[in-house]
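Colleague: Sharing input.txt (compact mmCIF, C-alpha atoms) below.
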# COMPACT_ATOMS: atom_id res chain seq x y z
CA MET A 1 115.28 102.61 114.32
CA ARG A 2 113.38 101.21 117.30
CA LEU A 3 116.33 99.23 118.66
CA SER A 4 118.76 102.13 118.66
CA ARG A 5 116.23 104.37 120.41
CA PHE A 6 115.64 101.75 123.05
CA HIS A 7 119.29 101.29 123.87
CA SER A 8 119.95 105.03 123.93
CA SER A 9 117.46 105.60 126.74
CA GLY A 10 118.47 105.33 130.39
CA LYS A 11 115.68 102.81 131.00
CA GLY A 12 116.83 100.64 128.12
CA THR A 13 120.46 100.75 129.25
CA ARG A 14 119.54 99.71 132.77
CA LEU A 15 117.35 96.87 131.50
CA VAL A 16 120.10 95.53 129.22
CA ALA A 17 122.60 95.73 132.08
CA SER A 18 120.19 93.96 134.41
CA LEU A 19 119.58 91.25 131.81
CA GLY A 20 123.31 90.65 131.45
CA LEU A 21 123.94 90.49 135.19
CA THR A 22 121.00 88.15 135.70
CA ALA A 23 122.24 85.83 132.96
CA VAL A 24 125.69 85.65 134.60
CA ALA A 25 124.14 84.99 137.99
CA CYS A 26 121.98 82.23 136.58
CA ILE A 27 124.99 80.56 134.99
CA LEU A 28 126.95 80.71 138.26
CA VAL A 29 124.02 79.57 140.38
CA SER A 30 122.16 77.40 137.89
CA THR A 31 120.17 75.46 140.50
CA GLN A 32 118.67 78.49 142.22
CA ALA A 33 114.88 78.30 142.14
CA GLY A 34 113.18 80.86 139.98
CA CYS A 35 116.34 82.02 138.27
CA LEU A 36 115.36 80.74 134.82
CA GLY A 37 111.92 82.23 135.18
CA LEU A 38 113.38 85.62 136.08
CA LEU A 39 115.75 85.47 133.12
CA SER A 40 112.87 84.55 130.81
CA ASN A 41 110.82 87.50 132.09
CA LEU A 42 113.72 89.90 131.53
CA ILE A 43 114.28 88.60 128.00
CA HIS A 44 110.60 89.13 127.24
CA ALA A 45 110.63 92.61 128.76
CA SER A 46 113.66 93.61 126.71
CA GLY A 47 112.04 92.45 123.47
CA ALA A 48 114.89 90.04 122.74
CA ASP A 49 112.44 87.20 122.05
CA LYS A 50 110.52 89.13 119.38
CA VAL A 51 110.56 88.49 115.65
CA PRO A 52 112.11 91.57 114.00
CA ALA A 53 110.19 93.64 111.47
CA ALA A 54 110.55 92.44 107.90
CA TYR A 55 110.69 96.09 106.79
CA GLU A 56 111.33 99.08 109.06
CA GLY A 57 111.03 101.79 106.44
CA LEU A 58 107.57 103.00 107.45
CA GLU A 59 109.05 104.69 110.51
CA ASP A 60 109.28 108.48 110.28
CA SER A 61 107.20 108.43 107.07
CA ARG A 62 103.89 109.78 105.81
CA VAL A 63 102.08 106.68 104.59
CA ALA A 64 98.90 106.04 102.59
CA VAL A 65 97.37 102.60 103.16
CA VAL A 66 95.50 101.48 100.03
CA THR A 67 93.61 98.20 100.32
CA LEU A 68 92.15 96.46 97.28
CA THR A 69 89.95 93.41 96.98
CA GLU A 70 88.49 91.92 93.85
CA ASN A 71 85.22 93.69 94.72
CA SER A 72 86.80 97.12 95.28
CA GLN A 73 88.13 97.62 91.77
CA TYR A 74 85.19 99.83 90.77
CA SER A 75 83.68 100.94 94.07
CA ASP A 76 84.09 100.95 97.83
CA ASP A 77 84.11 97.50 99.45
CA VAL A 78 83.36 96.64 103.07
CA SER A 79 86.10 93.99 103.33
CA ALA A 80 88.75 96.35 101.94
CA ARG A 81 87.61 99.07 104.33
CA ILE A 82 87.66 96.81 107.42
CA LEU A 83 91.05 95.34 106.58
CA GLY A 84 92.59 98.74 105.87
CA ARG A 85 91.32 100.17 109.15
CA ASN A 86 92.73 97.25 111.13
CA VAL A 87 96.14 97.59 109.49
CA MET A 88 96.18 101.33 110.19
CA GLN A 89 95.27 100.81 113.84
CA TRP A 90 98.21 98.44 114.38
CA LEU A 91 100.65 100.63 112.47
CA SER A 92 99.59 103.68 114.46
CA LYS A 93 100.11 101.78 117.70
CA GLU A 94 103.35 99.95 116.92
CA VAL A 95 105.40 101.89 114.33
CA ASP A 96 107.47 104.81 115.60
CA ASP A 97 106.66 108.26 114.25
CA ILE A 98 104.48 107.06 111.38
CA GLU A 99 101.97 109.55 109.96
CA LEU A 100 99.02 107.86 108.31
CA ILE A 101 96.98 109.59 105.62
CA ARG A 102 93.31 109.70 106.58
CA GLU A 103 91.08 107.03 105.06
CA ASP A 104 88.53 109.59 103.82
CA LYS A 105 91.22 111.57 102.00
CA ILE A 106 92.23 108.47 100.02
CA ALA A 107 88.57 107.59 99.34
CA ASN A 108 87.89 111.11 98.08
CA TRP A 109 90.86 110.93 95.71
CA ARG A 110 89.60 107.64 94.32
CA ASP A 111 86.08 109.04 93.98
CA THR A 112 87.47 111.85 91.87
CA HIS A 113 89.90 109.84 89.75
CA GLY A 114 88.03 106.54 89.53
CA TRP A 115 88.05 103.47 91.73
CA ASP A 116 89.65 101.47 88.93
CA GLN A 117 92.75 103.69 89.21
CA VAL A 118 95.30 101.43 90.92
CA GLU A 119 98.51 103.27 90.10
CA PHE A 120 99.64 103.29 93.70
CA ALA A 121 102.40 105.89 93.35
CA GLU A 122 99.94 108.30 91.74
CA ILE A 123 97.47 107.78 94.56
CA GLY A 124 100.28 108.47 97.03
CA ARG A 125 101.28 111.71 95.31
CA GLY A 126 97.63 112.74 95.09
CA VAL A 127 97.17 112.51 98.86
CA ASP A 128 100.59 113.95 99.75
CA ALA A 129 102.09 110.68 101.00
CA GLU A 130 105.76 109.77 100.93
CA LYS A 131 105.06 106.04 100.74
CA VAL A 132 102.11 103.85 99.83
CA LEU A 133 101.38 100.58 101.59
CA ALA A 134 99.41 98.65 98.98
CA ILE A 135 97.46 95.62 100.22
CA GLU A 136 96.00 93.49 97.43
CA VAL A 137 93.61 90.75 98.55
CA MET A 138 92.72 87.93 96.17
CA ASN A 139 90.51 84.85 96.46
CA LEU A 140 88.85 86.11 99.64
CA LYS A 141 86.36 83.57 101.00
CA LEU A 142 84.60 83.52 104.35
CA ARG A 143 82.87 80.14 104.06
CA ASP A 144 84.09 76.58 103.90
CA GLY A 145 81.01 74.82 102.58
CA ALA A 146 77.43 75.80 103.24
CA THR A 147 77.42 75.56 107.03
CA LEU A 148 80.90 76.62 108.16
CA TYR A 149 82.64 80.00 108.38
CA ARG A 150 86.37 79.70 107.70
CA GLY A 151 88.34 82.49 106.09
CA HIS A 152 90.82 82.16 103.21
CA ALA A 153 92.73 84.82 101.28
CA ASP A 154 95.89 85.42 99.30
CA VAL A 155 97.53 88.76 100.04
CA ARG A 156 100.30 90.75 98.39
CA ILE A 157 101.87 93.54 100.44
CA THR A 158 103.92 96.21 98.64
CA VAL A 159 105.52 99.42 99.86
CA ILE A 160 105.98 101.97 97.07
CA ASP A 161 107.91 105.23 97.03
CA ALA A 162 105.23 107.73 96.00
CA LYS A 163 107.70 110.09 94.33
CA THR A 164 109.63 107.59 92.20
CA GLY A 165 107.22 104.64 91.97
CA GLU A 166 109.99 102.30 93.19
CA GLU A 167 108.90 99.16 95.04
CA LEU A 168 110.71 99.24 98.36
CA PHE A 169 109.32 96.04 99.89
CA THR A 170 107.14 93.15 98.74
CA ARG A 171 105.77 90.21 100.70
CA ASP A 172 103.19 87.57 99.79
CA ILE A 173 100.94 85.89 102.33
CA ASP A 174 99.59 82.87 100.49
CA ASP A 175 96.40 81.11 101.57
CA PHE A 176 96.00 82.79 104.94
CA THR A 177 93.42 80.55 106.63
CA TYR A 178 91.63 81.14 109.91
CA PRO A 179 90.72 79.15 111.92
CA ASN A 180 93.47 76.70 111.00
CA THR A 181 92.00 73.52 112.44
CA ALA A 182 88.25 74.07 112.58
CA GLY A 183 85.63 76.64 111.74
CA VAL A 184 82.56 78.37 113.07
CA TYR A 185 79.13 76.98 112.28
CA THR A 186 76.87 79.45 110.53
CA ASN A 187 74.21 79.07 113.23
CA GLU A 188 76.69 80.29 115.87
CA THR A 189 77.45 83.74 114.43
CA THR A 190 76.68 86.05 111.53
CA GLU A 191 78.72 86.58 108.39
CA ALA A 192 79.27 90.23 109.33
CA ARG A 193 80.72 89.29 112.72
CA PHE A 194 82.94 86.58 111.28
CA ARG A 195 84.13 88.96 108.55
CA LYS A 196 85.27 91.45 111.21
CA LEU A 197 87.01 88.69 113.16
CA TYR A 198 88.85 87.23 110.17
CA LEU A 199 89.87 90.58 108.69
CA GLY A 200 90.99 91.78 112.13
CA ILE A 201 93.38 88.85 112.44
CA LEU A 202 94.52 89.20 108.84
CA GLY A 203 95.07 92.92 109.43
CA LYS A 204 97.45 92.22 112.28
CA ARG A 205 99.30 89.65 110.17
CA VAL A 206 99.80 92.31 107.48
CA ALA A 207 100.76 95.09 109.89
CA ARG A 208 103.31 93.07 111.83
CA GLN A 209 105.57 92.93 108.79
CA PHE A 210 106.54 96.45 109.91
CA TYR A 211 107.22 96.07 113.65
CA PRO A 212 108.69 93.43 116.00
CA TYR A 213 106.12 90.99 117.37
CA ASP A 214 105.89 88.18 119.91
CA ALA A 215 107.01 84.91 118.34
CA HIS A 216 104.42 82.98 120.36
CA GLU A 217 101.29 84.96 119.47
CA ASP A 218 100.21 82.65 116.63
CA PHE A 219 99.69 79.77 119.04
CA ALA A 220 96.82 81.65 120.69
CA LEU A 221 94.87 82.40 117.51
CA ASP A 222 92.44 79.51 117.61
CA SER A 223 91.61 80.27 121.24
CA ILE A 224 89.94 83.49 120.04
CA ILE A 225 87.23 81.37 118.42
CA ALA A 226 86.74 79.43 121.62
CA ARG A 227 86.18 82.67 123.55
So, in terms of structure tokens, how does the structure I just supplied come out?
Modeller:
Amino acid sequence: MRLSRFHSSGKGTRLVASLGLTAVACILVSTQAGCLGLLSNLIHASGADKVPAAYEGLEDSRVAVVTLTENSQYSDDVSARILGRNVMQWLSKEVDDIELIREDKIANWRDTHGWDQVEFAEIGRGVDAEKVLAIEVMNLKLRDGATLYRGHADVRITVIDAKTGEELFTRDIDDFTYPNTAGVYTNETTEARFRKLYLGILGKRVARQFYPYDAHEDFALDSIIAR
């Protein structure tokens, strides 16, 4: 797993040792200026302040990401495609030694066997995956009234063993809303741009179930709208 690899490296060992020595020094000289800041920086650098992955089993695996919305049951859907791509980008960046099945290979399989085929294990076997990450999006809305963009969705995340059909991990994200406290007026952007923004943020929320992430990152979400 990620943690064991980190500690086995010379760099990781030195950083852990440095963190321990700095903590002792700060305790002994608690009034020294900058000591707490240095300790905080070392904790952040070591990853000790990160929320651990809810499920680490995508590491060292060949994974098919299959994203479904209520509109993608019978054909391709732009929201499903955007969300799936965002999830795959984060997994590729953050999960060690993951091999992701190409999006077009999955789409071709569904073209051949029917878009209403949602037997995830069968899809996984059909595209030579070891595991399937199934993302089911329900009640997707991009508007809050006639003049405001504000995204809402309910999401179920399931990891399935393609060979046996066993569910290895399940997590529900109920009523994921963005922005939390406001919205974007329809005369300030287009629906296409807001769709990409909302599904990009939702994609990261889905993907981070599978890798450690900064516990403070949610506080900056609404500032994205401001920028």
Colleague: Under the rule of at most 9 Å, produce a per-residue listing of range 135-211 of chain A near range 112-122 of chain A: chain, number, name, the closest pair of atoms, and the distance in Å, as a tab-separated table, using all atoms listed in the file.
Modeller:
residue	atom	partner	partner_atom	distance
A:Ile160	CA	A:Ala121	CA	6.5
A:Asp161	CA	A:Ala121	CA	6.7
A:Ala162	CA	A:Ala121	CA	4.3
A:Lys163	CA	A:Ala121	CA	6.8
A:Thr164	CA	A:Ala121	CA	7.5
A:Gly165	CA	A:Ala121	CA	5.2
A:Glu166	CA	A:Ala121	CA	8.4
Colleague: Residues of the last selection are to be written out with C-alpha atoms, as an mmCIF file, keeping the file's coordinate frame.
Modeller:
data_model
loop_
_atom_site.group_PDB
_atom_site.id
_atom_site.type_symbol
_atom_site.label_atom_id
_atom_site.label_comp_id
_atom_site.auth_asym_id
_atom_site.auth_seq_id
_atom_site.Cartn_x
_atom_site.Cartn_y
_atom_site.Cartn_z
ATOM 1 C CA ILE A 160 105.980 101.970 97.070
ATOM 2 C CA ASP A 161 107.910 105.230 97.030
ATOM 3 C CA ALA A 162 105.230 107.730 96.000
ATOM 4 C CA LYS A 163 107.700 110.090 94.330
ATOM 5 C CA THR A 164 109.630 107.590 92.200
ATOM 6 C CA GLY A 165 107.220 104.640 91.970
ATOM 7 C CA GLU A 166 109.990 102.300 93.190
#
Colleague: Just give me the gap between CA of Ile101 in chain A and CA of Ala64 in chain A in Å, one decimal is fine.
Modeller: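 Distance reported for this atom pair: 5.0 Å.
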Colleague: Which value, in Å to one decimal, gives the distance between CA of Pro212 in chain A and CA of Thr158 in chain A?
Modeller: 18.2 Å
Colleague: I want to know what sits within 7 Å of range 189-205 of chain A, based on only C-alpha atoms, with residues of the same chain fewer than 2 positions away left out; could you give that as a list of chain:residue names?
Modeller: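 Once the nearby chain positions are removed, what remains is A:Ile82, A:Leu83, A:Asn86, A:Val87, A:Trp90, A:Leu142, A:Gly151, A:Tyr178, A:Thr186, A:Asn187, A:Ala207, A:Arg208.
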Colleague: To one decimal in Å, tell me the separation between CA of Asp76 in chain A and CA of Val155 in chain A.
Modeller: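 According to the coordinates, CA of Asp76 in chain A and CA of Val155 in chain A are separated by 18.3 Å.
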Colleague: Have a look at A:Val66, A:Met138, A:Ala53, A:Leu58 and name the one nearest to Gly84 in chain A; count all atoms listed in the file.
Modeller: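 Of A:Val66, A:Met138, A:Ala53, A:Leu58, the one nearest Gly84 in chain A is A:Val66, counting all atoms listed in the file.
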Colleague: Find the residues of range 78-162 of chain A that sit at most 12 Å from range 181-184 of chain A; for each, write down the nearest two atoms and how far apart they are in Å, to one decimal. Count all atoms listed in the file. Sort by chain, then by number going up, and give it as JSON lines.
Modeller:
{"residue": "A:Leu142", "atom": "CA", "partner": "A:Gly183", "partner_atom": "CA", "distance": 10.1}
{"residue": "A:Arg143", "atom": "CA", "partner": "A:Gly183", "partner_atom": "CA", "distance": 8.9}
{"residue": "A:Asp144", "atom": "CA", "partner": "A:Gly183", "partner_atom": "CA", "distance": 8.0}
{"residue": "A:Gly145", "atom": "CA", "partner": "A:Gly183", "partner_atom": "CA", "distance": 10.4}
{"residue": "A:Ala146", "atom": "CA", "partner": "A:Val184", "partner_atom": "CA", "distance": 11.4}
{"residue": "A:Thr147", "atom": "CA", "partner": "A:Val184", "partner_atom": "CA", "distance": 8.4}
{"residue": "A:Leu148", "atom": "CA", "partner": "A:Val184", "partner_atom": "CA", "distance": 5.5}
{"residue": "A:Tyr149", "atom": "CA", "partner": "A:Val184", "partner_atom": "CA", "distance": 5.0}
{"residue": "A:Arg150", "atom": "CA", "partner": "A:Gly183", "partner_atom": "CA", "distance": 5.1}
{"residue": "A:Gly151", "atom": "CA", "partner": "A:Gly183", "partner_atom": "CA", "distance": 8.6}
{"residue": "A:His152", "atom": "CA", "partner": "A:Gly183", "partner_atom": "CA", "distance": 11.4}
Colleague: Using only C-alpha atoms, pick whichever of A:Asp49, A:Asp214, A:Glu136, A:Asp174 has the shortest atom-to-atom distance to Thr67 in chain A.
Modeller: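 Counting only C-alpha atoms, the residue closest to Thr67 in chain A is A:Glu136.
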Colleague: Step by step: start from the point (108.0, 102.5, 113.5) in the file's coordinates, keep every protein, DNA or RNA residue that has an atom no farther than 6 Å from it, count only C-alpha atoms, and write the set as a CSV table (one decimal) with C-alpha atoms, in the coordinates of the input.
Modeller:
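For reference, selection_2.csv as written:
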chain,number,residue,atom,x,y,z
A,59,GLU,CA,109.0,104.7,110.5
A,95,VAL,CA,105.4,101.9,114.3
A,96,ASP,CA,107.5,104.8,115.6
A,97,ASP,CA,106.7,108.3,114.2
Colleague: For Arg102 in chain A, which of A:Ala153, A:Leu168, A:Val65, A:Val51 is the closest residue, counting all atoms listed in the file?
Modeller: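 Checking each candidate against Arg102 in chain A, we get A:Val65 as the closest.
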Colleague: Restricting the calculation to all atoms listed in the file: of A:Asp128, A:Glu188, A:Asp172, A:Asp60, which residue gets closest to Ser92 in chain A?
Modeller: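 Among A:Asp128, A:Glu188, A:Asp172, A:Asp60, it is A:Asp60 that comes nearest to Ser92 in chain A.
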Colleague: What's around Val63 in chain A at 9 Å? Count only C-alpha atoms, leave out sequence neighbours fewer than 2 positions away in its own chain, and write the answer as a PyMOL selection string.
Modeller: chain A and resi 58+61+65+98-101+124+128-133
Colleague: Nearest to Phe176 in chain A: which of A:Leu140, A:Val127, A:Leu68, A:Ala107 is it, counting only C-alpha atoms?
Modeller: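 Looking at the shortest contact to Phe176 in chain A, the residue is A:Leu140.
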Colleague: Just checking: using only C-alpha atoms, which residue out of A:Tyr55, A:Tyr185, A:Tyr211, A:Phe169 ends up closest to Ala134 in chain A?
Modeller: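 Using only C-alpha atoms, Ala134 in chain A sits closest to A:Phe169.
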Colleague: Starting from the incomplete input, reconstruct N, CA and C atoms of range 176-201 of chain A and report them as a tab-separated table (two decimals), in the coordinates of the input.
Modeller:
chain	number	residue	atom	x	y	z
A	176	PHE	N	96.16	82.54	103.51
A	176	PHE	CA	96.00	82.79	104.94
A	176	PHE	C	94.63	82.27	105.36
A	177	THR	N	94.64	81.25	106.22
A	177	THR	CA	93.42	80.55	106.63
A	177	THR	C	93.20	80.73	108.12
A	178	TYR	N	92.00	81.06	108.49
A	178	TYR	CA	91.63	81.14	109.91
A	178	TYR	C	90.16	80.79	110.07
A	179	PRO	N	89.83	79.91	111.05
A	179	PRO	CA	90.72	79.15	111.92
A	179	PRO	C	91.50	78.08	111.14
A	180	ASN	N	92.64	77.68	111.68
A	180	ASN	CA	93.47	76.70	111.00
A	180	ASN	C	92.88	75.30	111.07
A	181	THR	N	92.35	74.91	112.21
A	181	THR	CA	92.00	73.52	112.44
A	181	THR	C	90.51	73.25	112.49
A	182	ALA	N	89.71	74.29	112.48
A	182	ALA	CA	88.25	74.07	112.58
A	182	ALA	C	87.56	75.20	111.84
A	183	GLY	N	86.40	75.55	112.32
A	183	GLY	CA	85.63	76.64	111.74
A	183	GLY	C	84.53	77.03	112.69
A	184	VAL	N	83.68	77.93	112.25
A	184	VAL	CA	82.56	78.37	113.07
A	184	VAL	C	81.28	78.06	112.30
A	185	TYR	N	80.38	77.33	112.94
A	185	TYR	CA	79.13	76.98	112.28
A	185	TYR	C	78.28	78.23	112.04
A	186	THR	N	77.61	78.26	110.93
A	186	THR	CA	76.87	79.45	110.53
A	186	THR	C	75.71	79.76	111.47
A	187	ASN	N	75.27	78.78	112.26
A	187	ASN	CA	74.21	79.07	113.23
A	187	ASN	C	74.75	79.62	114.55
A	188	GLU	N	76.08	79.78	114.64
A	188	GLU	CA	76.69	80.29	115.87
A	188	GLU	C	77.06	81.77	115.78
A	189	THR	N	77.10	82.33	114.59
A	189	THR	CA	77.45	83.74	114.43
A	189	THR	C	76.90	84.23	113.09
A	190	THR	N	77.11	85.49	112.80
A	190	THR	CA	76.68	86.05	111.53
A	190	THR	C	77.88	86.23	110.62
A	191	GLU	N	77.62	86.36	109.32
A	191	GLU	CA	78.72	86.58	108.39
A	191	GLU	C	79.42	87.91	108.67
A	192	ALA	N	78.66	88.92	109.04
A	192	ALA	CA	79.27	90.23	109.33
A	192	ALA	C	80.24	90.14	110.51
A	193	ARG	N	79.85	89.42	111.55
A	193	ARG	CA	80.72	89.29	112.72
A	193	ARG	C	81.95	88.47	112.38
A	194	PHE	N	81.77	87.39	111.63
A	194	PHE	CA	82.94	86.58	111.28
A	194	PHE	C	83.87	87.36	110.34
A	195	ARG	N	83.30	88.15	109.45
A	195	ARG	CA	84.13	88.96	108.55
A	195	ARG	C	85.04	89.89	109.37
A	196	LYS	N	84.48	90.56	110.37
A	196	LYS	CA	85.27	91.45	111.21
A	196	LYS	C	86.37	90.69	111.95
A	197	LEU	N	86.03	89.50	112.45
A	197	LEU	CA	87.01	88.69	113.16
A	197	LEU	C	88.15	88.27	112.24
A	198	TYR	N	87.82	87.72	111.10
A	198	TYR	CA	88.85	87.23	110.17
A	198	TYR	C	89.72	88.37	109.66
A	199	LEU	N	89.10	89.47	109.25
A	199	LEU	CA	89.87	90.58	108.69
A	199	LEU	C	90.67	91.30	109.78
A	200	GLY	N	90.21	91.23	111.03
A	200	GLY	CA	90.99	91.78	112.13
A	200	GLY	C	92.28	91.00	112.33
A	201	ILE	N	92.19	89.68	112.28
A	201	ILE	CA	93.38	88.85	112.44
A	201	ILE	C	94.30	88.98	111.23
